[in-house]
>>> print(open('upload_31.csv').read())   # CSV, C-alpha atoms
chain,number,residue,atom,x,y,z
B,1,MET,CA,-80.7,54.4,14.4
B,2,ILE,CA,-79.8,57.9,13.6
B,3,ARG,CA,-76.1,58.8,13.6
B,4,PRO,CA,-75.1,61.1,16.5
B,5,LYS,CA,-74.3,64.7,15.6
B,6,PRO,CA,-70.7,65.4,14.5
B,7,LEU,CA,-68.5,66.2,17.4
B,8,VAL,CA,-65.7,68.7,17.7
B,9,ALA,CA,-63.7,68.0,20.8
B,10,GLY,CA,-60.9,70.0,22.4
B,11,ASN,CA,-58.1,68.2,24.2
B,12,TRP,CA,-56.4,70.8,26.4
B,13,LYS,CA,-53.7,68.3,27.5
B,14,MET,CA,-51.6,69.7,30.4
B,15,ASN,CA,-52.6,73.3,29.8
B,16,GLY,CA,-55.0,75.6,31.6
B,17,LEU,CA,-55.3,77.4,34.9
B,18,ARG,CA,-58.4,78.9,36.6
B,19,ALA,CA,-58.0,82.0,34.5
B,20,SER,CA,-58.7,79.8,31.5
B,21,LEU,CA,-62.3,79.5,32.6
B,22,ASN,CA,-62.8,82.8,30.8
B,23,GLU,CA,-62.1,81.1,27.5
B,24,ILE,CA,-64.7,78.4,28.2
B,25,ILE,CA,-67.3,81.1,29.1
B,26,LYS,CA,-66.4,83.0,25.9
B,27,LEU,CA,-66.8,79.8,23.8
B,28,ASN,CA,-70.2,79.1,25.3
B,29,ASP,CA,-71.3,82.6,24.6
B,30,PHE,CA,-70.3,82.1,20.9
B,31,LEU,CA,-72.3,78.9,20.8
B,32,VAL,CA,-75.4,80.3,22.4
B,33,ARG,CA,-75.5,82.9,19.7
B,34,SER,CA,-74.7,80.6,16.8
B,35,ALA,CA,-76.6,77.3,17.5
B,36,PRO,CA,-73.8,75.0,16.4
B,37,LYS,CA,-74.6,72.1,14.0
B,38,CYS,CA,-72.2,69.8,15.9
B,39,ASP,CA,-71.7,68.8,19.5
B,40,VAL,CA,-68.9,70.5,21.3
B,41,LEU,CA,-66.7,68.9,24.0
B,42,ILE,CA,-63.8,70.3,26.1
B,43,CYS,CA,-61.5,68.0,27.9
B,44,PRO,CA,-59.5,70.2,30.3
B,45,PRO,CA,-57.0,69.1,32.9
B,46,VAL,CA,-58.7,67.4,35.7
B,47,THR,CA,-58.0,70.3,38.0
B,48,LEU,CA,-60.5,72.4,36.1
B,49,ILE,CA,-63.3,69.9,35.5
B,50,SER,CA,-65.5,70.7,38.5
B,51,SER,CA,-65.1,74.4,38.1
B,52,ILE,CA,-66.2,74.2,34.5
B,53,VAL,CA,-69.2,71.9,35.3
B,54,GLN,CA,-70.3,74.4,37.9
B,55,LEU,CA,-70.7,77.0,35.2
B,56,ASN,CA,-73.7,75.1,33.9
B,57,LEU,CA,-72.8,75.7,30.3
B,58,GLU,CA,-75.6,75.2,27.7
B,59,HIS,CA,-73.6,74.1,24.7
B,60,VAL,CA,-70.4,72.5,25.9
B,61,PHE,CA,-69.9,69.0,27.1
B,62,ILE,CA,-67.1,68.4,29.6
B,63,GLY,CA,-64.8,65.3,29.5
B,64,SER,CA,-61.6,63.9,30.9
B,65,GLN,CA,-58.3,63.1,29.1
B,66,ASP,CA,-57.9,59.7,30.8
B,67,CYS,CA,-59.1,57.3,33.5
B,68,HIS,CA,-57.9,54.3,35.4
B,69,THR,CA,-58.5,50.6,34.5
B,70,ASN,CA,-60.2,50.0,37.9
B,71,THR,CA,-63.3,51.4,39.6
B,72,ASN,CA,-61.5,52.1,42.9
B,73,GLY,CA,-58.7,50.8,45.1
B,74,ALA,CA,-55.1,51.4,46.1
B,75,HIS,CA,-54.1,53.5,43.1
B,76,THR,CA,-52.4,56.6,44.5
B,77,GLY,CA,-52.8,59.6,42.2
B,78,ASP,CA,-55.2,57.9,39.8
B,79,ILE,CA,-58.8,58.7,39.0
B,80,SER,CA,-61.5,56.3,38.0
B,81,ALA,CA,-64.2,56.7,35.3
B,82,GLU,CA,-66.8,56.5,38.1
B,83,MET,CA,-65.2,59.5,39.8
B,84,LEU,CA,-65.1,61.5,36.6
B,85,ARG,CA,-68.8,60.7,35.9
B,86,ASP,CA,-69.6,61.7,39.4
B,87,ILE,CA,-68.2,65.2,38.9
B,88,GLY,CA,-70.0,65.7,35.6
B,89,CYS,CA,-67.9,64.2,32.8
B,90,SER,CA,-69.8,62.9,29.8
B,91,HIS,CA,-66.8,61.7,27.8
B,92,ILE,CA,-63.4,60.3,28.5
B,93,ILE,CA,-60.5,60.2,26.0
B,94,ILE,CA,-58.9,56.8,26.1
B,95,GLY,CA,-55.6,55.6,24.6
B,96,HIS,CA,-54.3,59.0,23.3
B,97,SER,CA,-50.9,58.5,21.7
B,98,GLU,CA,-49.3,60.5,24.4
B,99,ARG,CA,-50.6,57.9,26.8
B,100,ARG,CA,-49.7,54.9,24.6
B,101,VAL,CA,-46.2,56.2,23.9
B,102,GLY,CA,-45.4,58.1,27.1
B,103,HIS,CA,-47.0,55.8,29.6
B,104,GLY,CA,-46.7,52.4,27.8
B,105,GLU,CA,-50.5,51.9,27.4
B,106,ASP,CA,-51.1,49.0,25.0
B,107,ASN,CA,-54.3,47.9,23.4
B,108,LYS,CA,-55.2,45.7,26.3
B,109,ILE,CA,-55.0,48.6,28.8
B,110,VAL,CA,-56.9,50.9,26.4
B,111,ASN,CA,-59.6,48.2,26.2
B,112,LYS,CA,-59.9,48.0,30.0
B,113,LYS,CA,-60.1,51.8,30.3
B,114,ALA,CA,-62.7,52.1,27.6
B,115,THR,CA,-64.7,49.4,29.3
B,116,GLN,CA,-64.6,51.4,32.5
B,117,ALA,CA,-65.7,54.5,30.8
B,118,GLN,CA,-68.6,52.8,29.0
B,119,THR,CA,-69.7,50.9,32.1
B,120,VAL,CA,-70.3,54.1,34.2
B,121,GLY,CA,-72.2,55.8,31.4
B,122,THR,CA,-69.7,58.0,29.8
B,123,THR,CA,-68.7,57.9,26.1
B,124,ALA,CA,-65.2,56.5,25.5
B,125,ILE,CA,-63.3,58.4,22.8
B,126,ILE,CA,-60.8,55.7,21.8
B,127,CYS,CA,-57.8,57.0,20.0
B,128,VAL,CA,-55.8,55.1,17.3
B,129,GLY,CA,-52.9,56.1,15.1
B,130,GLU,CA,-49.6,55.1,13.6
B,131,THR,CA,-46.1,56.3,14.3
B,132,ILE,CA,-43.9,58.0,11.7
B,133,HIS,CA,-41.9,54.8,11.3
B,134,GLU,CA,-45.1,52.8,10.7
B,135,TYR,CA,-46.3,55.4,8.3
B,136,GLU,CA,-43.1,55.4,6.3
B,137,ALA,CA,-43.1,51.6,6.3
B,138,LYS,CA,-46.6,51.7,4.8
B,139,LYS,CA,-48.0,49.9,7.8
B,140,THR,CA,-50.7,52.5,8.6
B,141,LEU,CA,-53.7,50.3,7.8
B,142,GLU,CA,-52.3,47.2,9.5
B,143,VAL,CA,-51.7,49.2,12.7
B,144,ILE,CA,-55.1,50.9,12.7
B,145,VAL,CA,-57.0,47.6,12.1
B,146,SER,CA,-55.1,45.9,14.9
B,147,GLN,CA,-55.8,48.8,17.3
B,148,ILE,CA,-59.5,48.9,16.3
B,149,ASN,CA,-59.9,45.2,16.9
B,150,SER,CA,-58.0,45.1,20.1
B,151,SER,CA,-58.7,48.4,21.8
B,152,ILE,CA,-62.5,48.6,21.4
B,153,PRO,CA,-64.6,46.6,23.9
B,154,SER,CA,-67.1,44.0,22.4
B,155,HIS,CA,-70.1,45.9,23.8
B,156,ALA,CA,-69.3,49.2,22.0
B,157,THR,CA,-72.3,51.1,20.6
B,158,ALA,CA,-72.8,54.4,18.8
B,159,GLU,CA,-73.9,55.9,22.1
B,160,ASN,CA,-70.9,54.9,24.3
B,161,THR,CA,-68.1,54.9,21.7
B,162,ILE,CA,-66.3,57.4,19.5
B,163,ILE,CA,-63.1,56.7,17.5
B,164,ALA,CA,-60.5,59.3,17.0
B,165,TYR,CA,-57.9,58.7,14.3
B,166,GLU,CA,-54.7,60.7,15.1
B,167,PRO,CA,-51.6,59.8,13.1
B,168,ILE,CA,-49.0,60.3,15.8
B,169,TRP,CA,-46.6,62.0,13.4
B,170,ALA,CA,-49.2,64.8,12.8
B,171,ILE,CA,-49.9,65.7,16.4
B,172,GLY,CA,-48.6,69.1,17.1
B,173,SER,CA,-46.3,69.0,14.1
B,174,GLY,CA,-48.3,71.1,11.7
B,175,LYS,CA,-48.2,68.2,9.3
B,176,VAL,CA,-51.4,66.7,8.0
B,177,PRO,CA,-52.0,63.6,5.9
B,178,THR,CA,-53.3,64.0,2.4
B,179,VAL,CA,-57.1,64.0,2.0
B,180,GLY,CA,-56.8,60.7,0.1
B,181,SER,CA,-54.9,59.2,3.1
B,182,VAL,CA,-57.5,60.4,5.6
B,183,LYS,CA,-60.3,59.1,3.4
B,184,GLU,CA,-58.6,55.7,3.1
B,185,VAL,CA,-57.9,55.3,6.8
B,186,HIS,CA,-61.4,56.4,7.9
B,187,ALA,CA,-63.0,54.1,5.3
B,188,VAL,CA,-61.0,51.1,6.7
B,189,ILE,CA,-62.0,52.1,10.3
B,190,ARG,CA,-65.7,52.2,9.2
B,191,LYS,CA,-65.4,48.8,7.5
B,192,VAL,CA,-63.9,47.2,10.6
B,193,LEU,CA,-66.5,48.8,12.9
B,194,VAL,CA,-69.3,47.5,10.7
B,195,GLU,CA,-67.8,44.1,10.6
B,196,ARG,CA,-67.6,44.0,14.4
B,197,PHE,CA,-70.7,45.9,15.4
B,198,GLY,CA,-73.1,45.8,12.4
B,199,ASN,CA,-75.5,48.7,12.3
B,200,ASP,CA,-74.0,50.3,15.3
B,201,GLY,CA,-70.6,50.2,13.6
B,202,ASP,CA,-72.0,52.3,10.8
B,203,LYS,CA,-73.2,54.9,13.3
B,204,ILE,CA,-70.2,55.3,15.5
B,205,ASN,CA,-68.6,58.7,15.0
B,206,ILE,CA,-65.0,58.7,13.7
B,207,LEU,CA,-63.1,61.9,14.4
B,208,TYR,CA,-59.9,63.1,12.8
B,209,GLY,CA,-57.1,64.6,14.9
B,210,GLY,CA,-53.6,65.9,14.3
B,211,SER,CA,-52.8,69.5,13.7
B,212,VAL,CA,-56.4,70.5,13.0
B,213,ASN,CA,-56.8,74.2,12.7
B,214,ALA,CA,-59.2,76.8,11.2
B,215,SER,CA,-57.4,76.7,7.8
B,216,ASN,CA,-57.6,73.0,7.2
B,217,ALA,CA,-60.8,72.0,9.2
B,218,HIS,CA,-63.2,72.4,6.3
B,219,THR,CA,-61.1,70.2,4.0
B,220,LEU,CA,-60.7,67.5,6.7
B,221,MET,CA,-64.2,67.5,7.9
B,222,SER,CA,-65.6,67.3,4.4
B,223,VAL,CA,-64.0,63.8,4.0
B,224,VAL,CA,-66.4,60.9,3.9
B,225,ASN,CA,-66.5,59.1,7.3
B,226,VAL,CA,-64.9,62.0,9.1
B,227,ASN,CA,-67.6,62.9,11.7
B,228,GLY,CA,-65.8,65.7,13.5
B,229,ALA,CA,-62.4,66.5,15.0
B,230,LEU,CA,-60.2,66.0,18.0
B,231,VAL,CA,-58.4,69.3,18.4
B,232,GLY,CA,-55.3,70.0,20.5
B,233,GLY,CA,-53.6,73.4,20.7
B,234,ALA,CA,-56.2,75.2,18.6
B,235,SER,CA,-58.9,74.5,21.2
B,236,LEU,CA,-57.2,76.5,24.0
B,237,LYS,CA,-58.5,79.8,22.8
B,238,ALA,CA,-62.2,80.4,22.2
B,239,ASP,CA,-61.8,82.3,19.0
B,240,ASP,CA,-59.6,79.7,17.4
B,241,PHE,CA,-61.8,76.8,18.5
B,242,PHE,CA,-65.0,78.4,17.4
B,243,ASN,CA,-63.6,79.0,14.0
B,244,ILE,CA,-63.2,75.2,13.7
B,245,ILE,CA,-66.6,74.5,15.1
B,246,SER,CA,-68.3,76.9,12.8
B,247,VAL,CA,-67.0,74.9,9.8
B,248,TYR,CA,-70.2,72.8,10.2
B,249,ASP,CA,-72.3,75.9,9.5
B,250,GLN,CA,-71.0,75.7,5.9
B,251,PHE,CA,-72.3,72.1,5.4
B,252,ASP,CA,-75.8,71.3,4.2
>>> encode(input="upload_31.csv", output="structure tokens")
Amino acid sequence: MIRPKPLVAGNWKMNGLRASLNEIIKLNDFLVRSAPKCDVLICPPVTLISSIVQLNLEHVFIGSQDCHTNTNGAHTGDISAEMLRDIGCSHIIIGHSERRVGHGEDNKIVNKKATQAQTVGTTAIICVGETIHEYEAKKTLEVIVSQINSSIPSHATAENTIIAYEPIWAIGSGKVPTVGSVKEVHAVIRKVLVERFGNDGDKINILYGGSVNASNAHTLMSVVNVNGALVGGASLKADDFFNIISVYDQFD
């Protein structure tokens, strides 16, 4: 099995109105001219998904930032993975720290959501990461291993699963772990994936996220077992996001 192309994914979070479609169009124009060496994904607020899909972009995958644990039912205000797939989503972010911390989503809930995403044919981007207290207590690896083992469904493959390591204390803070720390955590994630899923575990992409920007992207994405990035604020503007994506043009 050949490892999927690296992925640079943009998580817009609760940002973006219809005027923001111009940034998506601009980004796609950049990508058409440059033939990127990585896959590119935008996960906008759900209000913009259909509008972006209708643009029929050539080089941008569209995903969602979350889904429900069930396929359908009496869940007012929620959206299922099946519905998201139906409107054109190829990927769904699962278990982002802002969902785990702000909405009380534990590993069991994350596992259920990832199962839903995989079952309907989308790729689950399963997020893991430690808090500042866990980091300072030197429990990072313990936390990450627990999250990997409990959050990822047993039928995960390189086609339906991507892992994103985002140390919670680095998200939006401008702080980034040392290269050595990123290398150590991604190596442990790879080890656990291989132990659980064999050859597929060796092929699953592992993204780094947490204050990724154009100035640090090359350093971070050069690290062994870092197969792309999950980008927050720097993905909102086409120019900024393209500068991160184009880092892969510098690699052999």
>>> closest_residue(input="upload_31.csv", among="B:Ala81, B:Asn56, B:Leu230, B:Gly198", to="Cys127 of chain B", atoms="only C-alpha atoms")
B:Leu230
>>> atom_distance(input="upload_31.csv", atom1="atom CA of Ile163 of chain B", atom2="atom CA of Arg3 of chain B")
13.7 Å
>>> residues_around(input="upload_31.csv", residues="segment 105-120 of chain B", least_positions_apart="4", cutoff="6 Å", atoms="only C-alpha atoms", output="number ranges by chain")
B: 69, 81-82, 95, 100, 124, 150-153, 160
>>> closest_residue(input="upload_31.csv", among="B:Gly180, B:Gly121, B:Pro6, B:Gly174", to="Val223 of chain B", atoms="all atoms listed in the file")
B:Gly180
>>> closest_atom_pairs(input="upload_31.csv", of="segment 103-148 of chain B", to="segment 206-222 of chain B", cutoff="10 Å", atoms="only C-alpha atoms", output="Markdown table")
| residue | atom | partner | partner_atom | distance |
| --- | --- | --- | --- | --- |
| B:Ile125 | CA | B:Leu207 | CA | 9.1 |
| B:Ile126 | CA | B:Ile206 | CA | 9.6 |
| B:Cys127 | CA | B:Leu207 | CA | 9.1 |
| B:Val128 | CA | B:Gly209 | CA | 9.9 |
| B:Gly129 | CA | B:Gly209 | CA | 9.5 |
>>> closest_residue(input="upload_31.csv", among="B:Val188, B:Val40, B:Ala158, B:Leu236", to="Asn205 of chain B", atoms="all atoms listed in the file")
B:Ala158
>>> closest_residue(input="upload_31.csv", among="B:Glu136, B:Glu184, B:Asp200, B:Asp86", to="Tyr165 of chain B", atoms="all atoms listed in the file")
B:Glu184
>>> residues_around(input="upload_31.csv", residues="Pro45 of chain B", least_positions_apart="2", cutoff="10 Å", atoms="only C-alpha atoms", output="list in words")
Asn11, Trp12, Lys13, Met14, Asn15, Gly16, Leu17, Ile42, Cys43, Thr47, Leu48, Ile49, Gly63, Ser64, Gln65 and Asp66 of chain B
>>> write_last_selection(input="upload_31.csv", atoms="C-alpha atoms", output="PDB file, in the coordinates of the input")
ATOM      1  CA  ASN B  11     -58.100  68.200  24.200  1.00  0.00           C
ATOM      2  CA  TRP B  12     -56.400  70.800  26.400  1.00  0.00           C
ATOM      3  CA  LYS B  13     -53.700  68.300  27.500  1.00  0.00           C
ATOM      4  CA  MET B  14     -51.600  69.700  30.400  1.00  0.00           C
ATOM      5  CA  ASN B  15     -52.600  73.300  29.800  1.00  0.00           C
ATOM      6  CA  GLY B  16     -55.000  75.600  31.600  1.00  0.00           C
ATOM      7  CA  LEU B  17     -55.300  77.400  34.900  1.00  0.00           C
ATOM      8  CA  ILE B  42     -63.800  70.300  26.100  1.00  0.00           C
ATOM      9  CA  CYS B  43     -61.500  68.000  27.900  1.00  0.00           C
ATOM     10  CA  THR B  47     -58.000  70.300  38.000  1.00  0.00           C
ATOM     11  CA  LEU B  48     -60.500  72.400  36.100  1.00  0.00           C
ATOM     12  CA  ILE B  49     -63.300  69.900  35.500  1.00  0.00           C
ATOM     13  CA  GLY B  63     -64.800  65.300  29.500  1.00  0.00           C
ATOM     14  CA  SER B  64     -61.600  63.900  30.900  1.00  0.00           C
ATOM     15  CA  GLN B  65     -58.300  63.100  29.100  1.00  0.00           C
ATOM     16  CA  ASP B  66     -57.900  59.700  30.800  1.00  0.00           C
TER      17      ASP B  66
END
>>> atom_distance(input="upload_31.csv", atom1="atom CA of Asn28 of chain B", atom2="atom CA of Gly228 of chain B")
18.4 Å
>>> residues_around(input="upload_31.csv", residues="segment 21-27 of chain B", least_positions_apart="6", cutoff="9 Å", atoms="all atoms listed in the file", output="tab-separated table (two decimals) with C-alpha atoms, in the frame of the given file")
chain	number	residue	atom	x	y	z
B	42	ILE	CA	-63.80	70.30	26.10
B	48	LEU	CA	-60.50	72.40	36.10
B	51	SER	CA	-65.10	74.40	38.10
B	52	ILE	CA	-66.20	74.20	34.50
B	55	LEU	CA	-70.70	77.00	35.20
B	57	LEU	CA	-72.80	75.70	30.30
B	59	HIS	CA	-73.60	74.10	24.70
B	60	VAL	CA	-70.40	72.50	25.90
B	236	LEU	CA	-57.20	76.50	24.00
B	237	LYS	CA	-58.50	79.80	22.80
B	238	ALA	CA	-62.20	80.40	22.20
B	239	ASP	CA	-61.80	82.30	19.00
B	241	PHE	CA	-61.80	76.80	18.50
B	242	PHE	CA	-65.00	78.40	17.40
>>> atom_distance(input="upload_31.csv", atom1="atom CA of Ile245 of chain B", atom2="atom CA of Ala229 of chain B")
9.0 Å
>>> closest_residue(input="upload_31.csv", among="B:Asp249, B:Asp39, B:Glu166, B:Glu58", to="Glu98 of chain B", atoms="only C-alpha atoms")
B:Glu166
>>> closest_residue(input="upload_31.csv", among="B:Val192, B:Val247, B:Ile93, B:Ile87", to="Gly10 of chain B", atoms="all atoms listed in the file")
B:Ile93
>>> decode(input="upload_31.csv", residues="segment 136-190 of chain B", atoms="C-alpha atoms", output="PDB file, in the first residue's frame")
ATOM      1  CA  GLU B 136       3.823  20.297  32.565  1.00  0.00           C
ATOM      2  CA  ALA B 137       3.301  17.057  34.516  1.00  0.00           C
ATOM      3  CA  LYS B 138       5.161  15.212  31.721  1.00  0.00           C
ATOM      4  CA  LYS B 139       2.118  13.071  30.956  1.00  0.00           C
ATOM      5  CA  THR B 140       1.967  13.921  27.245  1.00  0.00           C
ATOM      6  CA  LEU B 141       2.831  10.458  25.939  1.00  0.00           C
ATOM      7  CA  GLU B 142       0.572   8.721  28.451  1.00  0.00           C
ATOM      8  CA  VAL B 143      -2.372  10.902  27.416  1.00  0.00           C
ATOM      9  CA  ILE B 144      -1.715  10.525  23.706  1.00  0.00           C
ATOM     10  CA  VAL B 145      -1.402   6.732  23.852  1.00  0.00           C
ATOM     11  CA  SER B 146      -4.660   6.515  25.818  1.00  0.00           C
ATOM     12  CA  GLN B 147      -6.468   8.747  23.321  1.00  0.00           C
ATOM     13  CA  ILE B 148      -5.115   6.815  20.326  1.00  0.00           C
ATOM     14  CA  ASN B 149      -6.140   3.464  21.774  1.00  0.00           C
ATOM     15  CA  SER B 150      -9.597   4.592  22.909  1.00  0.00           C
ATOM     16  CA  SER B 151     -10.632   7.116  20.254  1.00  0.00           C
ATOM     17  CA  ILE B 152      -9.801   5.227  17.055  1.00  0.00           C
ATOM     18  CA  PRO B 153     -12.297   2.587  15.884  1.00  0.00           C
ATOM     19  CA  SER B 154     -10.956  -0.930  15.388  1.00  0.00           C
ATOM     20  CA  HIS B 155     -11.681  -0.867  11.639  1.00  0.00           C
ATOM     21  CA  ALA B 156      -9.497   2.165  10.923  1.00  0.00           C
ATOM     22  CA  THR B 157      -7.485   2.142   7.695  1.00  0.00           C
ATOM     23  CA  ALA B 158      -5.207   4.546   5.872  1.00  0.00           C
ATOM     24  CA  GLU B 159      -8.132   5.394   3.607  1.00  0.00           C
ATOM     25  CA  ASN B 160     -10.695   6.279   6.279  1.00  0.00           C
ATOM     26  CA  THR B 161      -8.548   7.665   9.096  1.00  0.00           C
ATOM     27  CA  ILE B 162      -6.143  10.540   9.689  1.00  0.00           C
ATOM     28  CA  ILE B 163      -4.697  11.480  13.073  1.00  0.00           C
ATOM     29  CA  ALA B 164      -4.061  15.097  14.068  1.00  0.00           C
ATOM     30  CA  TYR B 165      -1.824  15.784  17.038  1.00  0.00           C
ATOM     31  CA  GLU B 166      -2.667  19.183  18.509  1.00  0.00           C
ATOM     32  CA  PRO B 167      -1.225  20.000  21.924  1.00  0.00           C
ATOM     33  CA  ILE B 168      -4.091  21.948  23.438  1.00  0.00           C
ATOM     34  CA  TRP B 169      -1.787  24.535  24.972  1.00  0.00           C
ATOM     35  CA  ALA B 170      -0.415  25.401  21.499  1.00  0.00           C
ATOM     36  CA  ILE B 171      -3.742  26.008  19.762  1.00  0.00           C
ATOM     37  CA  GLY B 172      -4.118  29.705  18.989  1.00  0.00           C
ATOM     38  CA  SER B 173      -1.454  30.618  21.524  1.00  0.00           C
ATOM     39  CA  GLY B 174       1.466  31.160  19.190  1.00  0.00           C
ATOM     40  CA  LYS B 175       3.404  28.582  21.223  1.00  0.00           C
ATOM     41  CA  VAL B 176       4.791  25.528  19.448  1.00  0.00           C
ATOM     42  CA  PRO B 177       6.458  22.430  20.934  1.00  0.00           C
ATOM     43  CA  THR B 178      10.118  21.875  20.198  1.00  0.00           C
ATOM     44  CA  VAL B 179      10.988  19.874  17.097  1.00  0.00           C
ATOM     45  CA  GLY B 180      12.249  17.133  19.377  1.00  0.00           C
ATOM     46  CA  SER B 181       8.943  16.994  21.218  1.00  0.00           C
ATOM     47  CA  VAL B 182       6.910  16.858  18.009  1.00  0.00           C
ATOM     48  CA  LYS B 183       9.180  14.117  16.687  1.00  0.00           C
ATOM     49  CA  GLU B 184       8.832  12.089  19.895  1.00  0.00           C
ATOM     50  CA  VAL B 185       5.030  12.344  20.031  1.00  0.00           C
ATOM     51  CA  HIS B 186       4.546  11.527  16.344  1.00  0.00           C
ATOM     52  CA  ALA B 187       6.905   8.551  16.671  1.00  0.00           C
ATOM     53  CA  VAL B 188       4.853   7.210  19.578  1.00  0.00           C
ATOM     54  CA  ILE B 189       1.618   7.735  17.646  1.00  0.00           C
ATOM     55  CA  ARG B 190       3.095   5.830  14.700  1.00  0.00           C
TER      56      ARG B 190
END
